[in-house]
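Below is one structure, written out as structure tokens; comments come after it.
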Amino acid sequence: MTTMSAGIDLAFKSLAPRASDWAAILPELGVAALSLFALLQAMVVPARLRWLIPATARAGLVLVAVMAVTGDGGVVRPADEALFGGLLRHNLPMAGVRLVFLSSALLTSLMAGRFLAARGAGLADYHHVLLVVTAAFMLLVQSDHFVPFFVSLETAAVGLYVLVGYLRRSEASLEAGVKFLVAGGLSSAFLLMGMVLVYGTLGGPGAGDSLSFPAIARALAAGKGTVLTLAGAAMIVGGAAFKLGAFPFHSWIPDVYQGAPTPTTAYLATASKAAGALSLLLLVTGPFAPLAAKVAPALAGLALLTLLAGNLAALATADIKRALALSGVSHAGFLLAAITAAVARTDAEAFSYPAENVVVLYLLAYVAGTFLTLHSLSAVPAREDHERPFISLRGLIRRSPAATAGLCFGVGSLAGVPPSVGFVTKLLVLALLVKAGLWWVLGAALVGVAISIHYYFGILREAVSRPGEDREDAAPLEVGAVSRFIIGALSLSTLAAGVLILL
Amino acid sequence: MAALPAQLLQAVVATPVATGLLLIAGRRLPRALGDWIALAGFVLPAALAPWLLLTWTDLSIPPEAFRSGGPWGFGLSLNGFSAPLLAMTSIVGLAAGIKAMTQDVEARHAYLGLLLFMLGGTLGVFATDHVVGFYFFHEFALIPTFILTLFWGGEGRRPAAMQMAIYLTVGAMASLAGILLAVDAAGLDWAGATFEGVADALLAKGAPRAAGALTLFGLGTLASLFPFHSWAASGYSAAPTPAAMLHAGALKKFGLYGLALLGLTSLRVTEGALGGWLLWLALGNTVLIGLVCLTQVDLKRLVSWSSVAHMGPVFLGLWVAGARGSASGLDAAVLLMTAHGLSCAALFLLSNDVRVRAGSYRFEEMGGLASRAPVLAAMFVAASMASLGLPGFGNFWGEIGVFLSLRAEPLWIQALAASTVVITAVYTLRAVAAAFFGPESAALARRAEAAPFGDIGWTSRLAAGLLLAALVAVGFMPSLVTDSTNRVSADVVKYARPAAKTPSAR
């Protein structure tokens, strides 16, 4: 009896968080605190000071981002060892990973301010949920154990359901919310079933904690896996691929992206996709690394199909939000390709960037390009948020040169036109594929880029073409100073970042 | 002293980009100030690049003097092929700039700024010997080309720009894949991936054939190799004249230049079956596109198509250099690239002057222009003569050089290659006759009555005069170009056929 309680005591001691554990997740704690602070402000701040709520959230996010990037290794403890008794571990380059999520949240907030105010929707709740989701995503990608993995994934998912259906008076938003809920529920079920199978087949007396990533990797390396373990791993990978929006789990993407309020669309396209990509990377190079011989061909096939499916489907649409949603699928394909390279050849690197850094850089470039495009688009008034045909951009160059320039830089970066950062990161992925010898995927990526020119260029063509003389609604558009600043800063970053990466 | 040429080379590339940036950022600058800024961006490269060509050819200055580190890790440098092309580009750029500044267009500063970007990118292509760097500059120059076509272009600009974007992206992606494969096979790091570095590394082991095929067809598309040419004519026709001059004259030479320095050396695209393909497709350019030219009824489209047809002899020159080890064929090909850039730009420039007077590019609405605009007629005839390869102009030495290097080939190849001279003569002389001579068309007479017009002004004379003067200079002193190309073509041929003991010097 005493020995057993002593054992439990020992187990608890090893699990009890140390101060240094908390220091390693300071940025996540900061974001969570900001989230609570937004709610608190909503209760006490008088109506005419409501602008404080988004303002503090944005200032806080900037501060956290500065801390995450500059303090990584200093104030924020780097963790190459297990945190919280093996629940978390920093397996990815955390400074860049955190920057992906923090910048997505910040830029979403900057978009949401005017958007929600114009539609009479509350700002405080939106920011609260947005920040909770962001903190959850940031924890997700540090998971080293399936319990924090699933808990943070579900926390984020529930928050995203709210953000998608946020415009309660808009049918499109509500419809998108329901679709997302159903599709998301299905993927969570898959994920959970997969975890159960892995746990069940690898667990047993003396097996240790078979929800922990290193323990799973050890068991698989020791050849303990069965067919059911493989099925479980496939389900888990499928669940992550759903978040990423990879073929064949991408069918929810166009409808949900189109119907969701545009700031949420932007957040889904960036942070949620990043979470999918990074957690997939974490899984296939962590617990399932011993299965590389089986996982790599499967991922390569998925990457190839995702690249083709996303681009081909985007060809057939004339709505900007839908086209960008489907182009996001093709970007998922690029991310999958990089992840495949990381699995197929563990030492694969492109221009001395290891594969996981390439994934993070690709994500950062994608965040900049997506937000730049959507920020520029939001300068163009639309009767309904979910209806933005290509043709509505006609003559934009005369109406607002600033928005057109932003659109050119944003779409150009997404399309991968040199010298933008989008080109450089695509080049890195292509170089990885060359190193890993994944020729078919390389071919699909190049074909995909060529196809994508049709729709990306289709958007730009409407905006840049000299309009006919009979256009009536060619009145100049007012683009606010803040929007101009954001568009300018992001445009500059798409140019400068490419150079910085190659330096 | 040694550092000076490198800095001048940097200035050649950086000036147009910097002035272009100024113009685009300063949309509200006064018009006169903007014009002066633009003029500086166009004139400075044209003053420096030809001088650099002469300096480069001067053997007492080592080639290393032109090399400089760069912010992207691909530094700038010159080689024997790029020096004449750089000089040609700068002259075409100046002529295009003069033309653009005489046009009355909406958003003038943006127009000039984008044109300067295009010029800067094109100059950059020929100012670096890094295999990814030259690709990078090419894409950099294409973006303004699209915007110029879409906003300032003429009839049919939307479909033409879309077609051009798709073709050029597919071509660029294929060639990028080929380049990356080659760099990977060579096992080089980023900084070492120069034309020479890759060629040296692959000399013994050879490159993957896939890389050769991708590069041949990719760069071929960009240089309008038959049958991947169909974007070119409509793209040039729809583009505003200065953009068409720069694109057809200078930027398109990117593909040929890449084939010469990367395709022949590292990837050996003329070996085996690929070489056979190149020969047949080049003959397609010469003969079939030549026949297409015969059917044109629109002056600008004719000039566009003929610039596609004239790529045929250049491809043949590249082929004979790689497949037969003929260094003189390669010299002739580069000479022809240089001369064609000048003559093609002159034809686009003067065609626009014809259009301004006739109100249309259609032959049926012209006729008898020579009596009203004799200087225009004289200059157009001169540019046409250059284009069909008459002695006295640079094109002559290029074409004759290619034909001579083919003299050991079967007769039918020689006959098909030389047929370009006949076909070109037919359509060029017909165009000249239709536009300038014979009775005046009714449409032209009506226009002249409604708004009398005279000859071309001094700006057009200056722009066209520059191009023609350069053509005549090369025509009388081909050594201006060949002294430079001689220094590398023998080396290139050695790389192209490492098995051959001694490259014959035919």
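Naming works like this for the structure tokens: A, B, ... for the chains as they're shown, residue 1 at the start of each chain, ligands 1 onward in shown order.
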Item to check | For stretch 395-400 of chain A: contacts at 8 Å, only C-alpha atoms, fewer than 5 positions along chain excluded, given as a VMD selection string | outcome: chain A and resid 462 to 467 474 to 479
Could the residues of chain B within 10 Å of chain A, counting only C-alpha atoms, be given as an mmCIF file with N, CA and C atoms, in the first residue's frame, please?
data_model
loop_
_atom_site.group_PDB
_atom_site.id
_atom_site.type_symbol
_atom_site.label_atom_id
_atom_site.label_comp_id
_atom_site.auth_asym_id
_atom_site.auth_seq_id
_atom_site.Cartn_x
_atom_site.Cartn_y
_atom_site.Cartn_z
ATOM 1 N N GLY B 70 26.644 40.311 -54.716
ATOM 2 C CA GLY B 70 25.325 40.913 -54.796
ATOM 3 C C GLY B 70 24.505 40.602 -53.578
ATOM 4 N N PRO B 71 23.435 41.347 -53.381
ATOM 5 C CA PRO B 71 22.640 41.163 -52.171
ATOM 6 C C PRO B 71 21.970 39.800 -52.104
ATOM 7 N N TRP B 72 21.739 39.146 -53.222
ATOM 8 C CA TRP B 72 21.062 37.854 -53.173
ATOM 9 C C TRP B 72 22.037 36.699 -53.250
ATOM 10 N N GLY B 73 23.305 37.015 -53.209
ATOM 11 C CA GLY B 73 24.253 35.924 -53.352
ATOM 12 C C GLY B 73 24.481 35.582 -54.799
ATOM 13 N N PHE B 74 23.744 36.199 -55.736
ATOM 14 C CA PHE B 74 24.176 36.042 -57.117
ATOM 15 C C PHE B 74 24.687 37.378 -57.603
ATOM 16 N N GLU B 106 -2.400 57.822 -70.322
ATOM 17 C CA GLU B 106 -2.925 58.002 -68.975
ATOM 18 C C GLU B 106 -1.872 57.526 -67.973
ATOM 19 N N ALA B 107 -1.817 58.161 -66.802
ATOM 20 C CA ALA B 107 -0.899 57.765 -65.726
ATOM 21 C C ALA B 107 0.533 57.632 -66.249
ATOM 22 N N TYR B 135 17.421 33.832 -64.245
ATOM 23 C CA TYR B 135 16.002 33.476 -64.273
ATOM 24 C C TYR B 135 15.183 34.489 -63.475
ATOM 25 N N PHE B 136 15.700 34.818 -62.305
ATOM 26 C CA PHE B 136 15.033 35.758 -61.407
ATOM 27 C C PHE B 136 14.796 37.102 -62.099
ATOM 28 N N PHE B 137 15.822 37.619 -62.747
ATOM 29 C CA PHE B 137 15.686 38.919 -63.410
ATOM 30 C C PHE B 137 14.670 38.847 -64.552
ATOM 31 N N HIS B 138 14.652 37.705 -65.236
ATOM 32 C CA HIS B 138 13.692 37.565 -66.333
ATOM 33 C C HIS B 138 12.267 37.678 -65.828
ATOM 34 N N GLU B 139 11.967 36.964 -64.737
ATOM 35 C CA GLU B 139 10.618 37.033 -64.190
ATOM 36 C C GLU B 139 10.320 38.436 -63.685
ATOM 37 N N PHE B 140 11.320 39.052 -63.122
ATOM 38 C CA PHE B 140 11.162 40.418 -62.618
ATOM 39 C C PHE B 140 10.746 41.352 -63.750
ATOM 40 N N ALA B 141 11.285 41.104 -64.941
ATOM 41 C CA ALA B 141 10.960 41.963 -66.075
ATOM 42 C C ALA B 141 9.595 41.626 -66.664
ATOM 43 N N LEU B 142 9.132 40.394 -66.458
ATOM 44 C CA LEU B 142 7.858 40.001 -67.069
ATOM 45 C C LEU B 142 6.665 40.667 -66.405
ATOM 46 N N ILE B 143 6.746 40.879 -65.092
ATOM 47 C CA ILE B 143 5.578 41.421 -64.380
ATOM 48 C C ILE B 143 5.170 42.769 -64.959
ATOM 49 N N PHE B 146 3.330 42.459 -68.275
ATOM 50 C CA PHE B 146 1.906 42.133 -68.230
ATOM 51 C C PHE B 146 1.083 43.362 -67.896
ATOM 52 N N ILE B 147 1.533 44.114 -66.903
ATOM 53 C CA ILE B 147 0.738 45.282 -66.486
ATOM 54 C C ILE B 147 0.687 46.284 -67.622
ATOM 55 N N LEU B 148 1.815 46.496 -68.286
ATOM 56 C CA LEU B 148 1.842 47.433 -69.415
ATOM 57 C C LEU B 148 0.858 46.992 -70.494
ATOM 58 N N THR B 149 0.844 45.681 -70.769
ATOM 59 C CA THR B 149 -0.056 45.193 -71.816
ATOM 60 C C THR B 149 -1.511 45.347 -71.401
ATOM 61 N N LEU B 150 -1.803 45.008 -70.138
ATOM 62 C CA LEU B 150 -3.200 45.026 -69.710
ATOM 63 C C LEU B 150 -3.760 46.438 -69.649
ATOM 64 N N PHE B 151 -2.982 47.391 -69.201
ATOM 65 C CA PHE B 151 -3.566 48.719 -69.007
ATOM 66 C C PHE B 151 -3.352 49.606 -70.223
ATOM 67 N N TRP B 152 -2.199 49.551 -70.842
ATOM 68 C CA TRP B 152 -1.902 50.476 -71.929
ATOM 69 C C TRP B 152 -1.933 49.796 -73.294
ATOM 70 N N GLY B 153 -2.279 48.511 -73.288
ATOM 71 C CA GLY B 153 -2.217 47.756 -74.523
ATOM 72 C C GLY B 153 -3.325 48.120 -75.486
ATOM 73 N N GLY B 154 -3.262 47.508 -76.670
ATOM 74 C CA GLY B 154 -4.247 47.804 -77.699
ATOM 75 C C GLY B 154 -5.326 46.745 -77.762
ATOM 76 N N ARG B 157 -6.091 42.987 -75.855
ATOM 77 C CA ARG B 157 -5.025 42.881 -74.851
ATOM 78 C C ARG B 157 -5.358 41.868 -73.766
ATOM 79 N N ARG B 158 -6.654 41.719 -73.428
ATOM 80 C CA ARG B 158 -6.974 40.826 -72.307
ATOM 81 C C ARG B 158 -6.681 39.366 -72.635
ATOM 82 N N PRO B 159 -7.243 38.823 -73.733
ATOM 83 C CA PRO B 159 -6.877 37.430 -74.039
ATOM 84 C C PRO B 159 -5.386 37.262 -74.332
ATOM 85 N N ALA B 161 -2.821 38.908 -73.115
ATOM 86 C CA ALA B 161 -2.015 38.922 -71.893
ATOM 87 C C ALA B 161 -2.194 37.624 -71.126
ATOM 88 N N MET B 162 -3.424 37.111 -71.115
ATOM 89 C CA MET B 162 -3.667 35.860 -70.404
ATOM 90 C C MET B 162 -2.891 34.711 -71.053
ATOM 91 N N GLN B 163 -2.957 34.666 -72.385
ATOM 92 C CA GLN B 163 -2.257 33.599 -73.105
ATOM 93 C C GLN B 163 -0.748 33.688 -72.848
ATOM 94 N N ALA B 165 0.708 35.063 -70.290
ATOM 95 C CA ALA B 165 1.027 34.712 -68.902
ATOM 96 C C ALA B 165 1.112 33.210 -68.737
ATOM 97 N N ILE B 166 0.176 32.486 -69.328
ATOM 98 C CA ILE B 166 0.163 31.041 -69.124
ATOM 99 C C ILE B 166 1.365 30.392 -69.826
ATOM 100 N N TYR B 167 1.572 30.745 -71.075
ATOM 101 C CA TYR B 167 2.693 30.152 -71.805
ATOM 102 C C TYR B 167 4.014 30.443 -71.099
ATOM 103 N N LEU B 168 4.187 31.709 -70.732
ATOM 104 C CA LEU B 168 5.481 32.081 -70.172
ATOM 105 C C LEU B 168 5.682 31.461 -68.801
ATOM 106 N N THR B 169 4.594 31.296 -68.035
ATOM 107 C CA THR B 169 4.764 30.658 -66.736
ATOM 108 C C THR B 169 5.101 29.189 -66.897
ATOM 109 N N VAL B 170 4.405 28.528 -67.823
ATOM 110 C CA VAL B 170 4.718 27.113 -68.036
ATOM 111 C C VAL B 170 6.179 26.980 -68.477
ATOM 112 N N GLY B 171 6.582 27.835 -69.423
ATOM 113 C CA GLY B 171 7.959 27.785 -69.894
ATOM 114 C C GLY B 171 8.940 28.064 -68.764
ATOM 115 N N ALA B 172 8.613 29.078 -67.960
ATOM 116 C CA ALA B 172 9.525 29.453 -66.882
ATOM 117 C C ALA B 172 9.608 28.349 -65.840
ATOM 118 N N MET B 173 8.469 27.733 -65.527
ATOM 119 C CA MET B 173 8.475 26.669 -64.514
ATOM 120 C C MET B 173 9.282 25.468 -65.015
ATOM 121 N N ALA B 174 9.070 25.123 -66.288
ATOM 122 C CA ALA B 174 9.814 23.986 -66.828
ATOM 123 C C ALA B 174 11.309 24.279 -66.790
ATOM 124 N N LEU B 176 12.856 26.380 -64.866
ATOM 125 C CA LEU B 176 13.335 26.430 -63.481
ATOM 126 C C LEU B 176 13.584 25.018 -62.960
ATOM 127 N N ALA B 177 12.662 24.123 -63.283
ATOM 128 C CA ALA B 177 12.854 22.737 -62.850
ATOM 129 C C ALA B 177 14.141 22.181 -63.440
ATOM 130 N N LEU B 180 17.108 23.687 -61.621
ATOM 131 C CA LEU B 180 17.292 23.134 -60.277
ATOM 132 C C LEU B 180 17.854 21.717 -60.346
ATOM 133 N N LEU B 181 17.348 20.942 -61.304
ATOM 134 C CA LEU B 181 17.876 19.590 -61.458
ATOM 135 C C LEU B 181 19.369 19.632 -61.765
ATOM 136 N N VAL B 183 21.525 22.048 -61.049
ATOM 137 C CA VAL B 183 22.297 22.491 -59.888
ATOM 138 C C VAL B 183 22.429 21.344 -58.894
ATOM 139 N N ASP B 184 21.331 20.606 -58.736
ATOM 140 C CA ASP B 184 21.363 19.485 -57.792
ATOM 141 C C ASP B 184 22.343 18.418 -58.273
ATOM 142 N N ALA B 185 22.264 18.102 -59.577
ATOM 143 C CA ALA B 185 23.167 17.072 -60.106
ATOM 144 C C ALA B 185 24.618 17.518 -59.970
ATOM 145 N N ASP B 189 26.767 24.542 -54.106
ATOM 146 C CA ASP B 189 26.030 25.389 -53.180
ATOM 147 C C ASP B 189 25.515 26.602 -53.960
ATOM 148 N N TRP B 190 24.798 27.438 -53.247
ATOM 149 C CA TRP B 190 24.093 28.548 -53.895
ATOM 150 C C TRP B 190 25.050 29.456 -54.662
#
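Going from atom CA of B:Gly218 over to atom CA of B:Leu256, you cover 10.8 Å.
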Give me the residues within 12 Å of stretch 424-432 of chain B as an mmCIF file with N, CA and C atoms, in the first residue's frame, counting only C-alpha atoms and dropping any in the same chain fewer than 6 places off.
data_model
loop_
_atom_site.group_PDB
_atom_site.id
_atom_site.type_symbol
_atom_site.label_atom_id
_atom_site.label_comp_id
_atom_site.auth_asym_id
_atom_site.auth_seq_id
_atom_site.Cartn_x
_atom_site.Cartn_y
_atom_site.Cartn_z
ATOM 1 N N THR B 286 11.768 28.597 -89.037
ATOM 2 C CA THR B 286 12.243 29.264 -90.246
ATOM 3 C C THR B 286 11.205 29.181 -91.357
ATOM 4 N N VAL B 287 10.720 27.966 -91.613
ATOM 5 C CA VAL B 287 9.890 27.775 -92.802
ATOM 6 C C VAL B 287 8.414 28.020 -92.492
ATOM 7 N N LEU B 288 7.877 27.296 -91.498
ATOM 8 C CA LEU B 288 6.431 27.371 -91.286
ATOM 9 C C LEU B 288 6.005 28.761 -90.823
ATOM 10 N N ILE B 289 6.735 29.314 -89.855
ATOM 11 C CA ILE B 289 6.341 30.640 -89.372
ATOM 12 C C ILE B 289 6.574 31.670 -90.463
ATOM 13 N N GLY B 290 7.600 31.416 -91.281
ATOM 14 C CA GLY B 290 7.811 32.292 -92.434
ATOM 15 C C GLY B 290 6.581 32.310 -93.332
ATOM 16 N N LEU B 291 6.009 31.107 -93.550
ATOM 17 C CA LEU B 291 4.807 31.038 -94.377
ATOM 18 C C LEU B 291 3.640 31.758 -93.697
ATOM 19 N N VAL B 292 3.560 31.630 -92.355
ATOM 20 C CA VAL B 292 2.495 32.349 -91.642
ATOM 21 C C VAL B 292 2.632 33.853 -91.882
ATOM 22 N N CYS B 293 3.875 34.326 -91.886
ATOM 23 C CA CYS B 293 4.102 35.757 -92.102
ATOM 24 C C CYS B 293 3.521 36.204 -93.442
ATOM 25 N N LEU B 294 3.594 35.313 -94.426
ATOM 26 C CA LEU B 294 3.122 35.685 -95.767
ATOM 27 C C LEU B 294 1.638 36.031 -95.763
ATOM 28 N N THR B 295 0.895 35.473 -94.817
ATOM 29 C CA THR B 295 -0.557 35.655 -94.850
ATOM 30 C C THR B 295 -1.022 36.862 -94.049
ATOM 31 N N GLN B 296 -0.114 37.583 -93.419
ATOM 32 C CA GLN B 296 -0.559 38.656 -92.522
ATOM 33 C C GLN B 296 -1.051 39.871 -93.301
ATOM 34 N N VAL B 297 -2.102 40.503 -92.775
ATOM 35 C CA VAL B 297 -2.641 41.689 -93.441
ATOM 36 C C VAL B 297 -2.539 42.902 -92.513
ATOM 37 N N ASP B 298 -1.799 42.749 -91.408
ATOM 38 C CA ASP B 298 -1.732 43.796 -90.395
ATOM 39 C C ASP B 298 -0.252 44.014 -90.081
ATOM 40 N N LEU B 299 0.192 45.249 -90.174
ATOM 41 C CA LEU B 299 1.625 45.525 -90.104
ATOM 42 C C LEU B 299 2.239 45.089 -88.776
ATOM 43 N N LYS B 300 1.569 45.417 -87.650
ATOM 44 C CA LYS B 300 2.172 45.082 -86.357
ATOM 45 C C LYS B 300 2.202 43.572 -86.147
ATOM 46 N N ARG B 301 1.154 42.899 -86.617
ATOM 47 C CA ARG B 301 1.150 41.445 -86.496
ATOM 48 C C ARG B 301 2.237 40.832 -87.384
ATOM 49 N N LEU B 302 2.467 41.438 -88.534
ATOM 50 C CA LEU B 302 3.520 40.925 -89.414
ATOM 51 C C LEU B 302 4.886 41.055 -88.727
ATOM 52 N N VAL B 303 5.121 42.228 -88.139
ATOM 53 C CA VAL B 303 6.400 42.421 -87.450
ATOM 54 C C VAL B 303 6.530 41.413 -86.304
ATOM 55 N N TRP B 305 5.054 38.405 -86.011
ATOM 56 C CA TRP B 305 5.287 37.054 -86.521
ATOM 57 C C TRP B 305 6.692 36.918 -87.080
ATOM 58 N N SER B 306 7.166 37.967 -87.757
ATOM 59 C CA SER B 306 8.487 37.826 -88.363
ATOM 60 C C SER B 306 9.544 37.720 -87.273
ATOM 61 N N SER B 307 9.287 38.341 -86.101
ATOM 62 C CA SER B 307 10.286 38.209 -85.042
ATOM 63 C C SER B 307 10.303 36.781 -84.508
ATOM 64 N N VAL B 308 9.181 36.067 -84.640
ATOM 65 C CA VAL B 308 9.184 34.643 -84.275
ATOM 66 C C VAL B 308 9.956 33.849 -85.330
ATOM 67 N N ALA B 309 9.686 34.165 -86.599
ATOM 68 C CA ALA B 309 10.339 33.423 -87.682
ATOM 69 C C ALA B 309 11.856 33.583 -87.610
ATOM 70 N N HIS B 310 12.302 34.782 -87.247
ATOM 71 C CA HIS B 310 13.745 35.030 -87.245
ATOM 72 C C HIS B 310 14.479 34.329 -86.110
ATOM 73 N N GLY B 312 14.384 31.238 -85.910
ATOM 74 C CA GLY B 312 14.799 29.981 -86.537
ATOM 75 C C GLY B 312 16.292 29.903 -86.776
ATOM 76 N N LEU B 347 11.621 48.100 -86.178
ATOM 77 C CA LEU B 347 10.399 47.865 -86.949
ATOM 78 C C LEU B 347 9.151 48.136 -86.110
ATOM 79 N N LEU B 350 8.820 52.004 -85.794
ATOM 80 C CA LEU B 350 8.384 52.715 -86.992
ATOM 81 C C LEU B 350 6.968 52.294 -87.399
ATOM 82 N N SER B 351 6.601 51.034 -87.127
ATOM 83 C CA SER B 351 5.231 50.622 -87.423
ATOM 84 C C SER B 351 4.248 51.485 -86.670
ATOM 85 N N VAL B 354 3.764 54.595 -88.414
ATOM 86 C CA VAL B 354 2.860 54.396 -89.551
ATOM 87 C C VAL B 354 1.416 54.427 -89.068
ATOM 88 N N TYR B 361 -3.335 49.557 -88.360
ATOM 89 C CA TYR B 361 -2.185 48.765 -88.765
ATOM 90 C C TYR B 361 -2.482 47.965 -90.026
ATOM 91 N N ARG B 362 -3.698 48.094 -90.556
ATOM 92 C CA ARG B 362 -4.081 47.245 -91.690
ATOM 93 C C ARG B 362 -3.514 47.810 -92.993
ATOM 94 N N PHE B 363 -2.925 46.882 -93.794
ATOM 95 C CA PHE B 363 -2.295 47.317 -95.034
ATOM 96 C C PHE B 363 -3.288 48.013 -95.955
ATOM 97 N N GLU B 364 -4.563 47.532 -95.944
ATOM 98 C CA GLU B 364 -5.509 48.073 -96.921
ATOM 99 C C GLU B 364 -5.806 49.547 -96.645
ATOM 100 N N MET B 366 -3.461 51.669 -95.809
ATOM 101 C CA MET B 366 -2.229 52.442 -96.004
ATOM 102 C C MET B 366 -2.010 52.633 -97.502
ATOM 103 N N GLY B 367 -0.749 52.709 -97.860
ATOM 104 C CA GLY B 367 -0.426 52.862 -99.286
ATOM 105 C C GLY B 367 -0.006 54.276 -99.582
ATOM 106 N N GLY B 368 1.116 54.388 -100.270
ATOM 107 C CA GLY B 368 1.551 55.707 -100.702
ATOM 108 C C GLY B 368 1.995 56.639 -99.594
ATOM 109 N N LEU B 369 2.325 56.056 -98.450
ATOM 110 C CA LEU B 369 2.751 56.925 -97.337
ATOM 111 C C LEU B 369 4.054 57.647 -97.657
ATOM 112 N N ALA B 370 4.853 57.055 -98.554
ATOM 113 C CA ALA B 370 6.199 57.598 -98.791
ATOM 114 C C ALA B 370 6.145 59.044 -99.255
ATOM 115 N N LEU B 376 10.195 58.721 -92.749
ATOM 116 C CA LEU B 376 9.633 57.502 -92.161
ATOM 117 C C LEU B 376 9.810 56.344 -93.133
ATOM 118 N N ALA B 377 9.484 56.594 -94.401
ATOM 119 C CA ALA B 377 9.596 55.537 -95.397
ATOM 120 C C ALA B 377 11.042 55.065 -95.513
ATOM 121 N N ALA B 378 11.973 56.006 -95.553
ATOM 122 C CA ALA B 378 13.380 55.638 -95.707
ATOM 123 C C ALA B 378 13.844 54.800 -94.526
ATOM 124 N N MET B 379 13.484 55.254 -93.336
ATOM 125 C CA MET B 379 13.940 54.511 -92.159
ATOM 126 C C MET B 379 13.287 53.141 -92.092
ATOM 127 N N PHE B 380 12.015 53.077 -92.461
ATOM 128 C CA PHE B 380 11.342 51.783 -92.418
ATOM 129 C C PHE B 380 11.980 50.827 -93.417
ATOM 130 N N VAL B 381 12.280 51.349 -94.601
ATOM 131 C CA VAL B 381 12.920 50.502 -95.611
ATOM 132 C C VAL B 381 14.269 50.017 -95.091
ATOM 133 N N ALA B 382 15.015 50.910 -94.448
ATOM 134 C CA ALA B 382 16.326 50.513 -93.917
ATOM 135 C C ALA B 382 16.169 49.407 -92.878
ATOM 136 N N ALA B 383 15.198 49.591 -91.964
ATOM 137 C CA ALA B 383 15.006 48.568 -90.935
ATOM 138 C C ALA B 383 14.573 47.254 -91.563
ATOM 139 N N SER B 384 13.749 47.325 -92.608
ATOM 140 C CA SER B 384 13.313 46.098 -93.280
ATOM 141 C C SER B 384 14.486 45.408 -93.954
ATOM 142 N N MET B 385 15.336 46.196 -94.589
ATOM 143 C CA MET B 385 16.503 45.607 -95.243
ATOM 144 C C MET B 385 17.401 44.929 -94.211
ATOM 145 N N ALA B 386 17.548 45.577 -93.065
ATOM 146 C CA ALA B 386 18.337 44.958 -92.000
ATOM 147 C C ALA B 386 17.703 43.643 -91.610
ATOM 148 N N SER B 387 16.379 43.663 -91.450
ATOM 149 C CA SER B 387 15.682 42.481 -90.973
ATOM 150 C C SER B 387 15.805 41.329 -91.962
ATOM 151 N N LEU B 388 15.840 41.631 -93.268
ATOM 152 C CA LEU B 388 15.958 40.507 -94.200
ATOM 153 C C LEU B 388 17.403 40.170 -94.508
ATOM 154 N N GLY B 389 18.324 40.794 -93.788
ATOM 155 C CA GLY B 389 19.699 40.315 -93.832
ATOM 156 C C GLY B 389 20.503 40.836 -94.999
ATOM 157 N N LEU B 390 20.269 42.065 -95.408
ATOM 158 C CA LEU B 390 21.071 42.641 -96.480
ATOM 159 C C LEU B 390 22.436 43.074 -95.939
ATOM 160 N N ALA B 417 16.986 26.035 -94.417
ATOM 161 C CA ALA B 417 17.466 27.136 -93.590
ATOM 162 C C ALA B 417 17.563 28.413 -94.413
ATOM 163 N N ALA B 418 18.116 28.279 -95.609
ATOM 164 C CA ALA B 418 18.321 29.480 -96.419
ATOM 165 C C ALA B 418 17.013 30.008 -96.975
ATOM 166 N N GLY B 438 3.030 52.799 -104.142
ATOM 167 C CA GLY B 438 1.788 52.580 -104.860
ATOM 168 C C GLY B 438 0.839 53.738 -104.627
#
Checklist entry - Which one of B:Ala346, B:Ala83, B:Leu444, B:Ala496 sits closest to B:Val269 if you count only C-alpha atoms? => result B:Ala496
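When atom CA of A:Asn357 is paired with atom CA of A:Gly96, their separation reads 8.1 Å.
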Checklist entry - Smallest atom-to-atom distance to B:Pro16: which of B:Asn486, B:Thr265, B:Ser90, B:Ser224, using only C-alpha atoms? => result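 Counting only C-alpha atoms, the residue closest to B:Pro16 is B:Ser90.
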